[in-house]
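Q: Handing over coords31.cif, mmCIF, C-alpha atoms.
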data_model
#
loop_
_atom_site.label_atom_id
_atom_site.label_comp_id
_atom_site.auth_asym_id
_atom_site.auth_seq_id
_atom_site.Cartn_x
_atom_site.Cartn_y
_atom_site.Cartn_z
CA MET Q 29 -3.37 -26.91 30.08
CA THR Q 30 -5.11 -24.61 27.64
CA GLN Q 31 -8.24 -25.56 25.77
CA VAL Q 32 -7.52 -27.37 22.51
CA SER Q 33 -8.74 -25.14 19.71
CA ALA Q 34 -8.72 -24.74 15.94
CA GLY Q 35 -7.21 -28.17 15.39
CA PRO Q 36 -9.37 -29.28 12.44
CA GLN Q 37 -7.57 -27.14 9.85
CA ALA Q 38 -4.21 -28.68 10.74
CA LEU Q 39 -5.86 -32.08 10.88
CA ASP Q 40 -7.43 -31.67 7.45
CA LEU Q 41 -4.13 -30.63 5.90
CA ALA Q 42 -2.33 -33.51 7.61
CA ARG Q 43 -4.80 -35.94 6.08
CA ASP Q 44 -4.33 -34.42 2.62
CA LEU Q 45 -0.56 -34.74 2.95
CA ILE Q 46 -0.73 -38.35 4.17
CA ARG Q 47 -2.91 -39.31 1.21
CA CYS Q 48 0.09 -38.57 -1.05
CA SER Q 49 2.24 -41.72 -1.11
CA SER Q 50 5.50 -39.79 -1.08
CA VAL Q 51 7.93 -42.62 -0.33
CA THR Q 52 11.47 -41.29 -0.87
CA PRO Q 53 12.27 -40.01 -3.50
CA VAL Q 54 8.75 -39.92 -5.01
CA ASP Q 55 6.84 -36.66 -4.50
CA ALA Q 56 3.38 -38.05 -5.37
CA GLY Q 57 1.91 -34.54 -5.37
CA VAL Q 58 2.58 -33.84 -1.71
CA LEU Q 59 4.46 -30.59 -2.34
CA ASP Q 60 1.61 -29.41 -4.56
CA VAL Q 61 -0.74 -29.80 -1.61
CA LEU Q 62 1.59 -27.96 0.75
CA GLN Q 63 2.43 -25.22 -1.73
CA ALA Q 64 -1.25 -24.54 -2.35
CA ALA Q 65 -1.87 -24.13 1.38
CA LEU Q 66 1.08 -21.76 1.79
CA THR Q 67 0.27 -19.78 -1.34
CA ASP Q 68 -3.26 -19.19 -0.03
CA LEU Q 69 -1.66 -17.62 3.06
CA GLY Q 70 0.46 -15.26 0.94
CA PHE Q 71 3.77 -17.12 1.00
CA THR Q 72 6.12 -16.84 -1.97
CA CYS Q 73 7.05 -20.42 -2.84
CA HIS Q 74 10.07 -21.81 -4.66
CA ARG Q 75 10.08 -25.39 -5.91
CA LEU Q 76 13.65 -26.64 -6.01
CA THR Q 77 14.66 -29.85 -7.76
CA PHE Q 78 18.20 -31.10 -7.18
CA SER Q 79 20.22 -33.88 -8.77
CA ASP Q 80 23.47 -35.67 -8.07
CA VAL Q 81 25.50 -38.53 -9.46
CA ASP Q 82 23.89 -41.93 -8.85
CA THR Q 83 21.01 -40.42 -6.85
CA PRO Q 84 17.44 -39.70 -7.96
CA ASP Q 85 16.16 -36.17 -8.47
CA VAL Q 86 14.36 -34.77 -5.43
CA GLU Q 87 11.84 -31.96 -5.16
CA ASN Q 88 12.01 -29.50 -2.28
CA LEU Q 89 10.14 -26.37 -1.24
CA TYR Q 90 11.27 -23.08 0.23
CA ALA Q 91 8.56 -20.58 1.12
CA ARG Q 92 8.65 -17.20 2.81
CA ILE Q 93 6.31 -14.42 3.78
CA GLY Q 94 7.58 -11.02 4.82
CA THR Q 95 10.82 -9.17 4.26
CA ALA Q 96 11.56 -7.88 7.75
CA LYS Q 97 14.01 -9.39 10.19
CA PRO Q 98 14.14 -11.62 12.12
CA THR Q 99 13.06 -14.65 10.12
CA PHE Q 100 11.69 -17.72 11.87
CA CYS Q 101 11.89 -20.91 9.84
CA PHE Q 102 9.85 -24.09 10.15
CA ALA Q 103 11.65 -27.08 8.65
CA GLY Q 104 10.80 -30.68 7.95
CA HIS Q 105 10.31 -33.39 5.37
CA VAL Q 106 7.36 -34.70 3.41
CA ASP Q 107 9.02 -37.91 2.25
CA VAL Q 108 8.23 -41.08 4.16
CA VAL Q 109 9.67 -44.57 4.53
CA PRO Q 110 8.03 -47.55 2.79
CA VAL Q 111 4.96 -49.04 4.48
CA GLY Q 112 6.58 -52.44 4.97
CA ASP Q 113 4.08 -55.28 5.30
CA ASP Q 114 0.99 -53.66 3.85
CA ALA Q 115 -1.21 -56.56 4.96
CA ALA Q 116 -0.21 -56.00 8.59
CA TRP Q 117 -1.72 -52.51 8.69
CA THR Q 118 -5.17 -52.28 10.24
CA GLN Q 119 -5.82 -49.17 8.13
CA ASP Q 120 -4.79 -48.23 4.61
CA PRO Q 121 -1.41 -46.49 5.15
CA PHE Q 122 -2.32 -43.73 2.70
CA ALA Q 123 -6.02 -43.29 3.48
CA ALA Q 124 -5.48 -41.05 6.54
CA GLU Q 125 -8.34 -42.63 8.48
CA ILE Q 126 -9.22 -41.47 11.99
CA VAL Q 127 -10.02 -44.30 14.41
CA ASP Q 128 -10.57 -43.87 18.15
CA GLY Q 129 -9.01 -40.42 18.16
CA GLN Q 130 -5.91 -41.53 16.23
CA LEU Q 131 -4.90 -40.40 12.74
CA TYR Q 132 -3.46 -43.42 10.92
CA GLY Q 133 -1.07 -43.32 7.99
CA ARG Q 134 2.53 -43.33 6.88
CA GLY Q 135 3.84 -39.92 7.86
CA ALA Q 136 1.19 -39.24 10.50
CA THR Q 137 3.95 -39.00 13.10
CA ASP Q 138 7.05 -38.56 10.96
CA MET Q 139 6.28 -35.86 10.05
CA LYS Q 140 3.43 -34.67 7.86
CA SER Q 141 1.14 -33.84 10.78
CA ALA Q 142 3.78 -31.56 12.29
CA ILE Q 143 4.11 -29.70 8.99
CA ALA Q 144 0.35 -29.23 8.90
CA CYS Q 145 0.52 -27.85 12.45
CA MET Q 146 3.21 -25.40 11.33
CA VAL Q 147 0.99 -24.14 8.52
CA GLU Q 148 -2.02 -23.67 10.77
CA ALA Q 149 0.07 -21.94 13.44
CA SER Q 150 1.46 -19.56 10.81
CA ALA Q 151 -2.05 -18.85 9.55
CA ARG Q 152 -3.19 -17.83 13.02
CA VAL Q 153 -0.28 -15.45 13.52
CA LEU Q 154 -0.66 -13.99 10.03
CA ALA Q 155 -4.36 -13.45 10.71
CA ASP Q 156 -3.30 -10.69 13.09
CA ALA Q 157 -2.21 -8.59 10.10
CA GLY Q 158 -4.67 -5.92 11.18
CA ASP Q 159 -2.57 -5.49 14.31
CA GLY Q 160 0.65 -5.26 12.31
CA GLY Q 161 1.26 -8.98 11.89
CA PRO Q 162 4.43 -10.69 13.07
CA ASN Q 163 7.43 -8.50 13.83
CA GLY Q 164 9.50 -10.31 11.21
CA SER Q 165 9.14 -13.00 8.56
CA ILE Q 166 8.16 -16.68 8.50
CA ALA Q 167 9.82 -19.26 6.26
CA PHE Q 168 9.34 -22.95 5.47
CA LEU Q 169 12.18 -25.25 4.42
CA ILE Q 170 10.67 -28.56 3.34
CA THR Q 171 12.55 -31.43 1.75
CA GLY Q 172 11.64 -34.67 0.04
CA ASP Q 173 14.98 -36.32 0.82
CA GLU Q 174 15.28 -36.74 4.59
CA GLU Q 175 14.45 -40.43 4.80
CA GLY Q 176 16.77 -41.19 1.89
CA PRO Q 177 20.43 -40.31 1.30
CA ALA Q 178 19.84 -36.64 2.25
CA ILE Q 179 22.00 -35.49 -0.66
CA ASN Q 180 19.47 -33.60 -2.79
CA GLY Q 181 17.45 -32.13 0.04
CA THR Q 182 17.99 -29.71 2.91
CA VAL Q 183 21.72 -29.28 2.43
CA LYS Q 184 21.23 -28.10 -1.16
CA VAL Q 185 18.26 -25.92 -0.26
CA LEU Q 186 20.52 -24.17 2.23
CA ASP Q 187 23.15 -23.68 -0.49
CA TRP Q 188 20.47 -22.21 -2.77
CA MET Q 189 19.30 -19.89 0.03
CA LYS Q 190 22.85 -18.62 0.50
CA GLN Q 191 23.15 -17.92 -3.21
CA GLN Q 192 19.85 -16.02 -3.14
CA GLY Q 193 20.78 -14.01 -0.06
CA GLU Q 194 18.06 -15.73 1.98
CA THR Q 195 18.86 -15.86 5.67
CA ILE Q 196 17.03 -17.32 8.65
CA ASP Q 197 17.58 -16.43 12.29
CA ALA Q 198 16.04 -19.39 14.11
CA CYS Q 199 14.59 -22.73 13.08
CA LEU Q 200 12.26 -25.37 14.50
CA VAL Q 201 12.29 -28.84 12.94
CA GLY Q 202 9.14 -30.88 13.49
CA GLU Q 203 10.69 -34.31 14.04
CA PRO Q 204 8.79 -36.58 16.48
CA THR Q 205 10.89 -35.94 19.58
CA ASN Q 206 8.65 -37.26 22.37
CA PRO Q 207 9.20 -40.89 23.45
CA ASN Q 208 5.85 -41.41 25.19
CA THR Q 209 3.78 -38.27 25.69
CA LEU Q 210 3.60 -34.89 23.99
CA GLY Q 211 5.74 -32.27 25.67
CA GLU Q 212 8.23 -34.47 27.50
CA MET Q 213 11.24 -33.94 25.22
CA ALA Q 214 12.70 -31.45 22.77
CA LYS Q 215 15.98 -31.88 20.94
CA ILE Q 216 18.63 -29.16 21.23
CA GLY Q 217 21.40 -31.13 19.56
CA ARG Q 218 22.28 -34.37 17.87
CA ARG Q 219 25.23 -36.70 17.86
CA GLY Q 220 27.38 -37.05 14.78
CA SER Q 221 27.36 -40.18 12.64
CA PHE Q 222 30.66 -41.66 11.42
CA SER Q 223 30.71 -44.90 9.41
CA GLY Q 224 33.59 -47.14 8.42
CA HIS Q 225 34.19 -50.03 6.01
CA LEU Q 226 37.17 -52.20 6.92
CA GLN Q 227 38.54 -54.78 4.49
CA VAL Q 228 41.41 -57.10 5.38
CA THR Q 229 43.08 -59.06 2.57
CA GLY Q 230 45.20 -62.20 2.47
CA THR Q 231 45.81 -65.10 0.09
CA GLN Q 232 43.23 -67.78 -0.65
CA GLY Q 233 44.27 -71.40 -0.23
CA HIS Q 234 43.42 -74.93 0.88
CA ILE Q 235 43.02 -75.28 4.65
CA ALA Q 236 45.21 -78.40 4.56
CA TYR Q 237 48.10 -76.26 3.27
CA PRO Q 238 47.94 -73.11 5.42
CA HIS Q 239 51.61 -72.35 4.75
CA LEU Q 240 50.63 -71.67 1.13
CA ALA Q 241 47.90 -69.22 2.10
CA ASP Q 242 47.44 -66.15 4.27
CA ASN Q 243 44.23 -66.17 6.30
CA PRO Q 244 43.00 -62.56 6.77
CA LEU Q 245 40.28 -63.45 9.26
CA PRO Q 246 42.38 -63.66 12.44
CA ARG Q 247 43.68 -60.17 11.66
CA LEU Q 248 40.16 -58.91 10.94
CA ILE Q 249 38.93 -60.35 14.23
CA ALA Q 250 41.84 -58.81 16.10
CA MET Q 251 41.24 -55.41 14.50
CA LEU Q 252 37.54 -55.52 15.29
CA ASP Q 253 38.32 -56.47 18.87
CA ARG Q 254 40.59 -53.46 19.26
CA ILE Q 255 38.06 -51.18 17.55
CA ALA Q 256 35.19 -52.42 19.70
CA ARG Q 257 37.20 -51.86 22.88
CA LEU Q 258 38.09 -48.24 22.06
CA HIS Q 259 37.11 -45.98 24.94
CA LEU Q 260 36.16 -42.77 23.19
CA ASP Q 261 34.91 -40.58 26.04
CA ASP Q 262 32.59 -40.41 29.04
CA GLY Q 263 30.16 -37.90 27.58
CA ASN Q 264 29.53 -34.39 28.90
CA ALA Q 265 26.77 -32.27 30.35
CA HIS Q 266 24.65 -32.41 27.21
CA PHE Q 267 25.71 -35.64 25.49
CA GLN Q 268 25.94 -39.29 26.40
CA PRO Q 269 29.27 -41.08 25.73
CA SER Q 270 30.23 -41.61 22.11
CA ASN Q 271 29.41 -45.14 21.03
CA LEU Q 272 30.90 -47.44 18.37
CA GLU Q 273 28.96 -50.45 17.11
CA ILE Q 274 30.11 -53.11 14.64
CA THR Q 275 27.16 -53.58 12.29
CA THR Q 276 28.21 -56.40 9.96
CA VAL Q 277 31.03 -58.89 9.33
CA ASP Q 278 31.15 -60.51 5.88
CA VAL Q 279 33.41 -63.15 4.36
CA GLY Q 280 31.36 -64.68 1.57
CA ASN Q 281 33.01 -68.06 1.95
CA THR Q 282 30.60 -70.97 1.50
CA ALA Q 283 33.23 -73.73 1.58
CA SER Q 284 34.64 -75.19 4.78
CA ASN Q 285 37.93 -76.21 3.20
CA ILE Q 286 39.00 -72.86 1.77
CA ILE Q 287 40.96 -70.12 3.48
CA PRO Q 288 39.30 -66.94 2.17
CA ALA Q 289 41.17 -64.16 0.42
CA LYS Q 290 39.46 -61.36 2.31
CA GLY Q 291 37.06 -60.44 5.06
CA GLU Q 292 35.28 -57.18 5.66
CA ALA Q 293 33.26 -55.42 8.31
CA ARG Q 294 31.31 -52.22 8.79
CA PHE Q 295 30.83 -50.09 11.88
CA ASN Q 296 29.17 -46.86 12.94
CA VAL Q 297 30.03 -44.34 15.62
CA ARG Q 298 27.45 -41.99 17.10
CA TYR Q 299 29.67 -39.36 18.61
CA ASN Q 300 29.37 -36.26 20.75
CA THR Q 301 31.07 -32.86 20.71
CA LEU Q 302 34.17 -34.30 22.40
CA GLN Q 303 35.08 -36.05 19.13
CA ASP Q 304 35.50 -35.13 15.50
CA ALA Q 305 35.58 -37.22 12.34
CA ALA Q 306 39.31 -36.82 11.74
CA GLY Q 307 40.12 -37.88 15.28
CA LEU Q 308 37.86 -40.91 15.06
CA GLU Q 309 39.54 -42.03 11.85
CA ARG Q 310 42.97 -41.71 13.48
CA LYS Q 311 41.89 -43.83 16.45
CA VAL Q 312 40.45 -46.58 14.24
CA ARG Q 313 43.50 -46.64 11.97
CA ALA Q 314 45.80 -46.84 14.99
CA ALA Q 315 43.85 -49.86 16.24
CA CYS Q 316 44.20 -51.56 12.85
CA ASP Q 317 47.89 -50.64 12.49
CA ALA Q 318 48.57 -52.22 15.88
CA VAL Q 319 47.49 -55.56 14.40
CA GLY Q 320 49.29 -55.06 11.11
CA GLY Q 321 48.89 -56.70 7.73
CA SER Q 322 47.18 -55.58 4.58
CA TYR Q 323 43.92 -53.73 5.05
CA SER Q 324 41.90 -50.85 3.64
CA LEU Q 325 39.63 -48.52 5.56
CA THR Q 326 37.12 -46.15 4.02
CA VAL Q 327 35.10 -43.78 6.18
CA ARG Q 328 32.14 -41.46 5.75
CA ASN Q 329 30.99 -38.75 8.10
CA SER Q 330 27.32 -38.08 7.43
CA GLY Q 331 26.89 -35.38 10.04
CA ASP Q 332 28.79 -33.57 12.76
CA PRO Q 333 27.43 -33.29 16.29
CA PHE Q 334 25.90 -29.99 17.27
CA LEU Q 335 24.38 -28.28 20.26
CA THR Q 336 22.04 -25.32 20.44
CA ALA Q 337 22.99 -24.10 23.88
CA PRO Q 338 20.09 -23.21 26.15
CA GLY Q 339 19.16 -19.62 25.38
CA PRO Q 340 16.42 -17.51 23.76
CA LEU Q 341 15.23 -20.14 21.25
CA THR Q 342 15.10 -23.01 23.74
CA GLU Q 343 13.42 -20.73 26.27
CA VAL Q 344 10.70 -19.76 23.77
CA LEU Q 345 10.03 -23.41 22.97
CA SER Q 346 10.06 -24.55 26.61
CA SER Q 347 7.74 -21.73 27.63
CA ALA Q 348 5.32 -22.60 24.82
CA ILE Q 349 5.21 -26.25 25.88
CA GLN Q 350 4.81 -25.33 29.55
CA ALA Q 351 2.00 -22.89 28.79
CA GLU Q 352 0.13 -25.37 26.59
CA LEU Q 353 0.65 -28.64 28.43
CA GLY Q 354 1.82 -27.73 31.90
CA VAL Q 355 5.06 -29.71 31.55
CA THR Q 356 8.70 -28.71 31.19
CA PRO Q 357 10.43 -30.64 28.39
CA ASP Q 358 13.72 -32.42 28.80
CA LEU Q 359 16.21 -30.67 26.49
CA SER Q 360 17.88 -33.74 24.99
CA THR Q 361 20.50 -34.71 22.41
CA THR Q 362 19.61 -38.40 22.23
CA GLY Q 363 18.41 -40.35 19.20
CA GLY Q 364 19.51 -40.49 15.59
CA THR Q 365 20.37 -37.81 13.09
CA SER Q 366 18.04 -35.32 11.42
CA ASP Q 367 18.32 -32.50 8.92
CA ALA Q 368 18.95 -30.18 11.84
CA ARG Q 369 22.59 -31.27 11.40
CA PHE Q 370 22.64 -29.13 8.24
CA ILE Q 371 20.50 -26.24 9.46
CA LYS Q 372 22.69 -25.66 12.52
CA ASP Q 373 25.27 -24.05 10.20
CA ALA Q 374 22.71 -21.39 9.22
CA CYS Q 375 21.12 -20.51 12.57
CA PRO Q 376 20.20 -21.87 16.00
CA VAL Q 377 17.89 -24.88 15.59
CA VAL Q 378 15.68 -26.94 17.89
CA GLU Q 379 13.44 -29.92 17.24
CA PHE Q 380 9.99 -30.62 18.61
CA GLY Q 381 7.14 -32.66 17.22
CA LEU Q 382 4.79 -35.51 18.01
CA VAL Q 383 5.19 -38.78 19.93
CA SER Q 384 7.68 -41.09 18.24
CA GLN Q 385 6.41 -44.51 19.34
CA THR Q 386 4.92 -45.54 15.99
CA MET Q 387 7.19 -43.78 13.49
CA HIS Q 388 8.45 -46.12 10.74
CA LYS Q 389 6.21 -48.87 12.13
CA VAL Q 390 3.08 -50.63 10.91
CA ASP Q 391 0.00 -48.60 11.89
CA GLU Q 392 1.92 -45.35 12.30
CA ARG Q 393 -0.47 -42.93 13.96
CA ALA Q 394 -0.79 -39.66 15.87
CA GLY Q 395 -3.35 -38.53 18.40
CA VAL Q 396 -5.86 -36.01 17.07
CA ASP Q 397 -5.65 -34.09 20.35
CA ASP Q 398 -1.85 -34.09 20.12
CA ILE Q 399 -2.06 -32.56 16.65
CA ALA Q 400 -4.27 -29.80 18.02
CA HIS Q 401 -1.96 -29.18 20.98
CA LEU Q 402 1.10 -29.16 18.73
CA THR Q 403 -0.54 -26.51 16.57
CA ASN Q 404 -1.10 -24.39 19.67
CA ILE Q 405 2.52 -24.88 20.77
CA TYR Q 406 3.87 -23.82 17.38
CA GLU Q 407 1.63 -20.75 17.48
CA ARG Q 408 2.98 -19.90 20.93
CA VAL Q 409 6.54 -20.34 19.67
CA LEU Q 410 5.95 -17.91 16.83
CA ARG Q 411 4.35 -15.31 19.08
CA GLY Q 412 7.09 -15.72 21.67
CA PHE Q 413 9.83 -15.41 19.08
CA PHE Q 414 8.41 -12.27 17.51
CA GLY Q 415 7.61 -10.82 20.92
#
As structure tokens - that is how I would like this structure written.
A:
Amino acid sequence: MTQVSAGPQALDLARDLIRCSSVTPVDAGVLDVLQAALTDLGFTCHRLTFSDVDTPDVENLYARIGTAKPTFCFAGHVDVVPVGDDAAWTQDPFAAEIVDGQLYGRGATDMKSAIACMVEASARVLADAGDGGPNGSIAFLITGDEEGPAINGTVKVLDWMKQQGETIDACLVGEPTNPNTLGEMAKIGRRGSFSGHLQVTGTQGHIAYPHLADNPLPRLIAMLDRIARLHLDDGNAHFQPSNLEITTVDVGNTASNIIPAKGEARFNVRYNTLQDAAGLERKVRAACDAVGGSYSLTVRNSGDPFLTAPGPLTEVLSSAIQAELGVTPDLSTTGGTSDARFIKDACPVVEFGLVSQTMHKVDERAGVDDIAHLTNIYERVLRGFFG
């Protein structure tokens, strides 16, 4: 393990970012702080505000330094989830206090500290300008809409980049990928997320006169049973089996003597590269059709699965982690979705950040030493990528 060095600059920036209460979709000045840091390093910054129907406006930032190829991009989000029970926090969630070697605050782990590490790592590499600087360009793609609906964030920044002729050749997203200790896991892919809303309709009536009514609930139960028992696949070398979970069943009937007119349920499938959204919809509809009766099914696919096959980018990241921490990371595809699901259409993408144990929780925190090590790892990634 190498000596931890030059961590305070990343730590100071992380604290400044955390002090901005940027709960989605509110910016709270956080992009001003980040833009100032990048501008001081010579980056050209573009503030991008996007809108959509029935969604709030969201501010984003794209920054770049250099014009040569290849371009390495750091990506992430500065928006955070709500603090929850404020009284349960032992530290002010937006004060960025350091206690017993831990930086406390909403976003300390997910993922303002990682963004600060990216900035400091870039500064170190750019400081070698006297030796020619990096053999390429560095970019930052930062959104304020990752923890929200993800409509006015990364996906629209990527569209803007395409319109501007901006291209990137590799990307590292700073999501907290490590379950327990820094260096144990990097993400090289993610499962897709497919959601469904099933509504079964009948005819309301008095339970004493069932022949005058049509109870939709037995059909709903039968459909859900068939859906829940679908065997989708057994997984593959990089992905666990696709998994369907029923998340809610709702009737809205408060009377015990009424046959309801409808019942509805929602479900979600986290699926691997052996499935696609159209195929999943066909399988669910077939299960419902086998029961019969009147029903409606609406579906939404919020992200396809993807895999960055082991190769140059994963090797650079693994080598950086090994050199810094003396461990070889597990190259995983587990967990939820991230904005990497959009970036994968632009270039190969990997994810690596801090320890995830406290993200979205009360007393979210990150180790000060981990922040310093992560800065070193990101610096090693940049130097390895540019050769």
Q: Check the smallest atom-to-atom distance from each of Q:Ile216, Q:Leu248, Q:Val81, Q:Ala289 to Glu343 in chain Q using only C-alpha atoms, then report the winner.
A: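 For Glu343 in chain Q, the nearest of the given residues is Q:Ile216.
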Q: Calculate how many Å separate CA of Gly363 in chain Q from CA of Glu125 in chain Q, rounding to one decimal.
A: 28.9 Å
Q: Counting only C-alpha atoms, give me one row per residue of range 175-240 of chain Q with an atom at most 10 Å from an atom of range 135-148 of chain Q, showing the shortest contact pair and its distance in Å to one decimal, sorted by chain then residue number, as CSV.
A:
residue,atom,partner,partner_atom,distance
Q:Glu175,CA,Q:Asp138,CA,9.8
Q:Leu200,CA,Q:Met146,CA,9.6
Q:Val201,CA,Q:Ala142,CA,9.0
Q:Gly202,CA,Q:Ala142,CA,5.5
Q:Glu203,CA,Q:Met139,CA,6.1
Q:Pro204,CA,Q:Asp138,CA,6.1
Q:Thr205,CA,Q:Asp138,CA,9.8
Q: Quick one: write out the picked residues with C-alpha atoms as a tab-separated table (two decimals), in the coordinates of the input?
A:
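Output contents, as saved in result.tsv:
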chain	number	residue	atom	x	y	z
Q	175	GLU	CA	14.45	-40.43	4.80
Q	200	LEU	CA	12.26	-25.37	14.50
Q	201	VAL	CA	12.29	-28.84	12.94
Q	202	GLY	CA	9.14	-30.88	13.49
Q	203	GLU	CA	10.69	-34.31	14.04
Q	204	PRO	CA	8.79	-36.58	16.48
Q	205	THR	CA	10.89	-35.94	19.58
Q: With the cut-off set at 12 Å and counting only C-alpha atoms, tabulate each residue of range 286-366 of chain Q with an atom at most that distance from an atom of range 176-187 of chain Q, showing the nearest atom pair and its distance in Å to one decimal, ordered by chain and increasing number, as a Markdown table.
A:
| residue | atom | partner | partner_atom | distance |
| --- | --- | --- | --- | --- |
| Q:Ser330 | CA | Q:Ala178 | CA | 9.2 |
| Q:Gly331 | CA | Q:Ala178 | CA | 10.6 |
| Q:Thr365 | CA | Q:Ala178 | CA | 10.9 |
| Q:Ser366 | CA | Q:Ala178 | CA | 9.4 |
Q: Between Q:Thr52, Q:Leu382, Q:Val327, Q:Pro246, single out the one closest to Ala400 in chain Q, counting only C-alpha atoms.
A: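 Ranked by minimum distance to Ala400 in chain Q, first place goes to Q:Leu382.
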Q: Would you mind listing, for every residue of range 312-403 of chain Q within 7 Å of range 254-274 of chain Q, the two atoms forming the shortest contact and the distance between them in Å to one decimal, using all atoms listed in the file, sorted by chain and ascending residue number, as CSV?
A:
residue,atom,partner,partner_atom,distance
Q:Val312,CA,Q:Ile255,CA,6.2
Q:Ala315,CA,Q:Arg254,CA,5.7
Q:Thr361,CA,Q:Phe267,CA,6.1
Q: Pick out the closest residue to Leu41 in chain Q from this set: Q:Ala124, Q:Pro84, Q:Arg152, Q:Gly70. Count all atoms listed in the file.
A: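 Closest residue, counting all atoms listed in the file: Q:Ala124.
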Q: Could you write out as a CSV table (one decimal) with C-alpha atoms, in the coordinates of the input the residues that the PyMOL selection byres ((chain Q and resi 87) around 10) matches in the shown file?
A:
chain,number,residue,atom,x,y,z
Q,53,PRO,CA,12.3,-40.0,-3.5
Q,54,VAL,CA,8.8,-39.9,-5.0
Q,55,ASP,CA,6.8,-36.7,-4.5
Q,59,LEU,CA,4.5,-30.6,-2.3
Q,75,ARG,CA,10.1,-25.4,-5.9
Q,76,LEU,CA,13.6,-26.6,-6.0
Q,77,THR,CA,14.7,-29.8,-7.8
Q,78,PHE,CA,18.2,-31.1,-7.2
Q,79,SER,CA,20.2,-33.9,-8.8
Q,84,PRO,CA,17.4,-39.7,-8.0
Q,85,ASP,CA,16.2,-36.2,-8.5
Q,86,VAL,CA,14.4,-34.8,-5.4
Q,88,ASN,CA,12.0,-29.5,-2.3
Q,89,LEU,CA,10.1,-26.4,-1.2
Q,107,ASP,CA,9.0,-37.9,2.2
Q,170,ILE,CA,10.7,-28.6,3.3
Q,171,THR,CA,12.6,-31.4,1.8
Q,172,GLY,CA,11.6,-34.7,0.0
Q,173,ASP,CA,15.0,-36.3,0.8
Q,180,ASN,CA,19.5,-33.6,-2.8
Q,181,GLY,CA,17.4,-32.1,0.0
Q: Care to translate the PyMOL selection byres ((chain Q and resi 118) around 12) into actual residues of this file, as a PyMOL selection string?
A: chain Q and resi 113-117+119-127+132-133+390-393
Q: Can you write just those residues out, C-alpha atoms, as a PDB file, in the coordinates of the input?
A:
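Result file is again.pdb:
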ATOM      1  CA  ASP Q 113       4.080 -55.280   5.300  1.00  0.00           C
ATOM      2  CA  ASP Q 114       0.990 -53.660   3.850  1.00  0.00           C
ATOM      3  CA  ALA Q 115      -1.210 -56.560   4.960  1.00  0.00           C
ATOM      4  CA  ALA Q 116      -0.210 -56.000   8.590  1.00  0.00           C
ATOM      5  CA  TRP Q 117      -1.720 -52.510   8.690  1.00  0.00           C
ATOM      6  CA  GLN Q 119      -5.820 -49.170   8.130  1.00  0.00           C
ATOM      7  CA  ASP Q 120      -4.790 -48.230   4.610  1.00  0.00           C
ATOM      8  CA  PRO Q 121      -1.410 -46.490   5.150  1.00  0.00           C
ATOM      9  CA  PHE Q 122      -2.320 -43.730   2.700  1.00  0.00           C
ATOM     10  CA  ALA Q 123      -6.020 -43.290   3.480  1.00  0.00           C
ATOM     11  CA  ALA Q 124      -5.480 -41.050   6.540  1.00  0.00           C
ATOM     12  CA  GLU Q 125      -8.340 -42.630   8.480  1.00  0.00           C
ATOM     13  CA  ILE Q 126      -9.220 -41.470  11.990  1.00  0.00           C
ATOM     14  CA  VAL Q 127     -10.020 -44.300  14.410  1.00  0.00           C
ATOM     15  CA  TYR Q 132      -3.460 -43.420  10.920  1.00  0.00           C
ATOM     16  CA  GLY Q 133      -1.070 -43.320   7.990  1.00  0.00           C
ATOM     17  CA  VAL Q 390       3.080 -50.630  10.910  1.00  0.00           C
ATOM     18  CA  ASP Q 391       0.000 -48.600  11.890  1.00  0.00           C
ATOM     19  CA  GLU Q 392       1.920 -45.350  12.300  1.00  0.00           C
ATOM     20  CA  ARG Q 393      -0.470 -42.930  13.960  1.00  0.00           C
TER      21      ARG Q 393
END
Q: Step by step, work through what the PyMOL selection byres ((chain Q and resi 346-356) around 12) selects in the shown file, and finish by giving those residues as a short mmCIF file (atom, residue, chain, number, x, y, z; two decimals) with C-alpha atoms, keeping the file's coordinate frame.
A:
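expr.cif, freshly written:
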data_model
loop_
_atom_site.label_atom_id
_atom_site.label_comp_id
_atom_site.auth_asym_id
_atom_site.auth_seq_id
_atom_site.Cartn_x
_atom_site.Cartn_y
_atom_site.Cartn_z
CA MET Q 29 -3.37 -26.91 30.08
CA THR Q 30 -5.11 -24.61 27.64
CA GLN Q 31 -8.24 -25.56 25.77
CA VAL Q 32 -7.52 -27.37 22.51
CA SER Q 33 -8.74 -25.14 19.71
CA THR Q 209 3.78 -38.27 25.69
CA LEU Q 210 3.60 -34.89 23.99
CA GLY Q 211 5.74 -32.27 25.67
CA GLU Q 212 8.23 -34.47 27.50
CA MET Q 213 11.24 -33.94 25.22
CA ALA Q 214 12.70 -31.45 22.77
CA LYS Q 215 15.98 -31.88 20.94
CA ILE Q 216 18.63 -29.16 21.23
CA PRO Q 338 20.09 -23.21 26.15
CA GLY Q 339 19.16 -19.62 25.38
CA PRO Q 340 16.42 -17.51 23.76
CA LEU Q 341 15.23 -20.14 21.25
CA THR Q 342 15.10 -23.01 23.74
CA GLU Q 343 13.42 -20.73 26.27
CA VAL Q 344 10.70 -19.76 23.77
CA LEU Q 345 10.03 -23.41 22.97
CA PRO Q 357 10.43 -30.64 28.39
CA ASP Q 358 13.72 -32.42 28.80
CA LEU Q 359 16.21 -30.67 26.49
CA VAL Q 378 15.68 -26.94 17.89
CA GLU Q 379 13.44 -29.92 17.24
CA PHE Q 380 9.99 -30.62 18.61
CA GLY Q 381 7.14 -32.66 17.22
CA ASP Q 397 -5.65 -34.09 20.35
CA ASP Q 398 -1.85 -34.09 20.12
CA ALA Q 400 -4.27 -29.80 18.02
CA HIS Q 401 -1.96 -29.18 20.98
CA LEU Q 402 1.10 -29.16 18.73
CA THR Q 403 -0.54 -26.51 16.57
CA ASN Q 404 -1.10 -24.39 19.67
CA ILE Q 405 2.52 -24.88 20.77
CA TYR Q 406 3.87 -23.82 17.38
CA GLU Q 407 1.63 -20.75 17.48
CA ARG Q 408 2.98 -19.90 20.93
CA VAL Q 409 6.54 -20.34 19.67
CA LEU Q 410 5.95 -17.91 16.83
CA ARG Q 411 4.35 -15.31 19.08
CA GLY Q 412 7.09 -15.72 21.67
CA PHE Q 413 9.83 -15.41 19.08
#
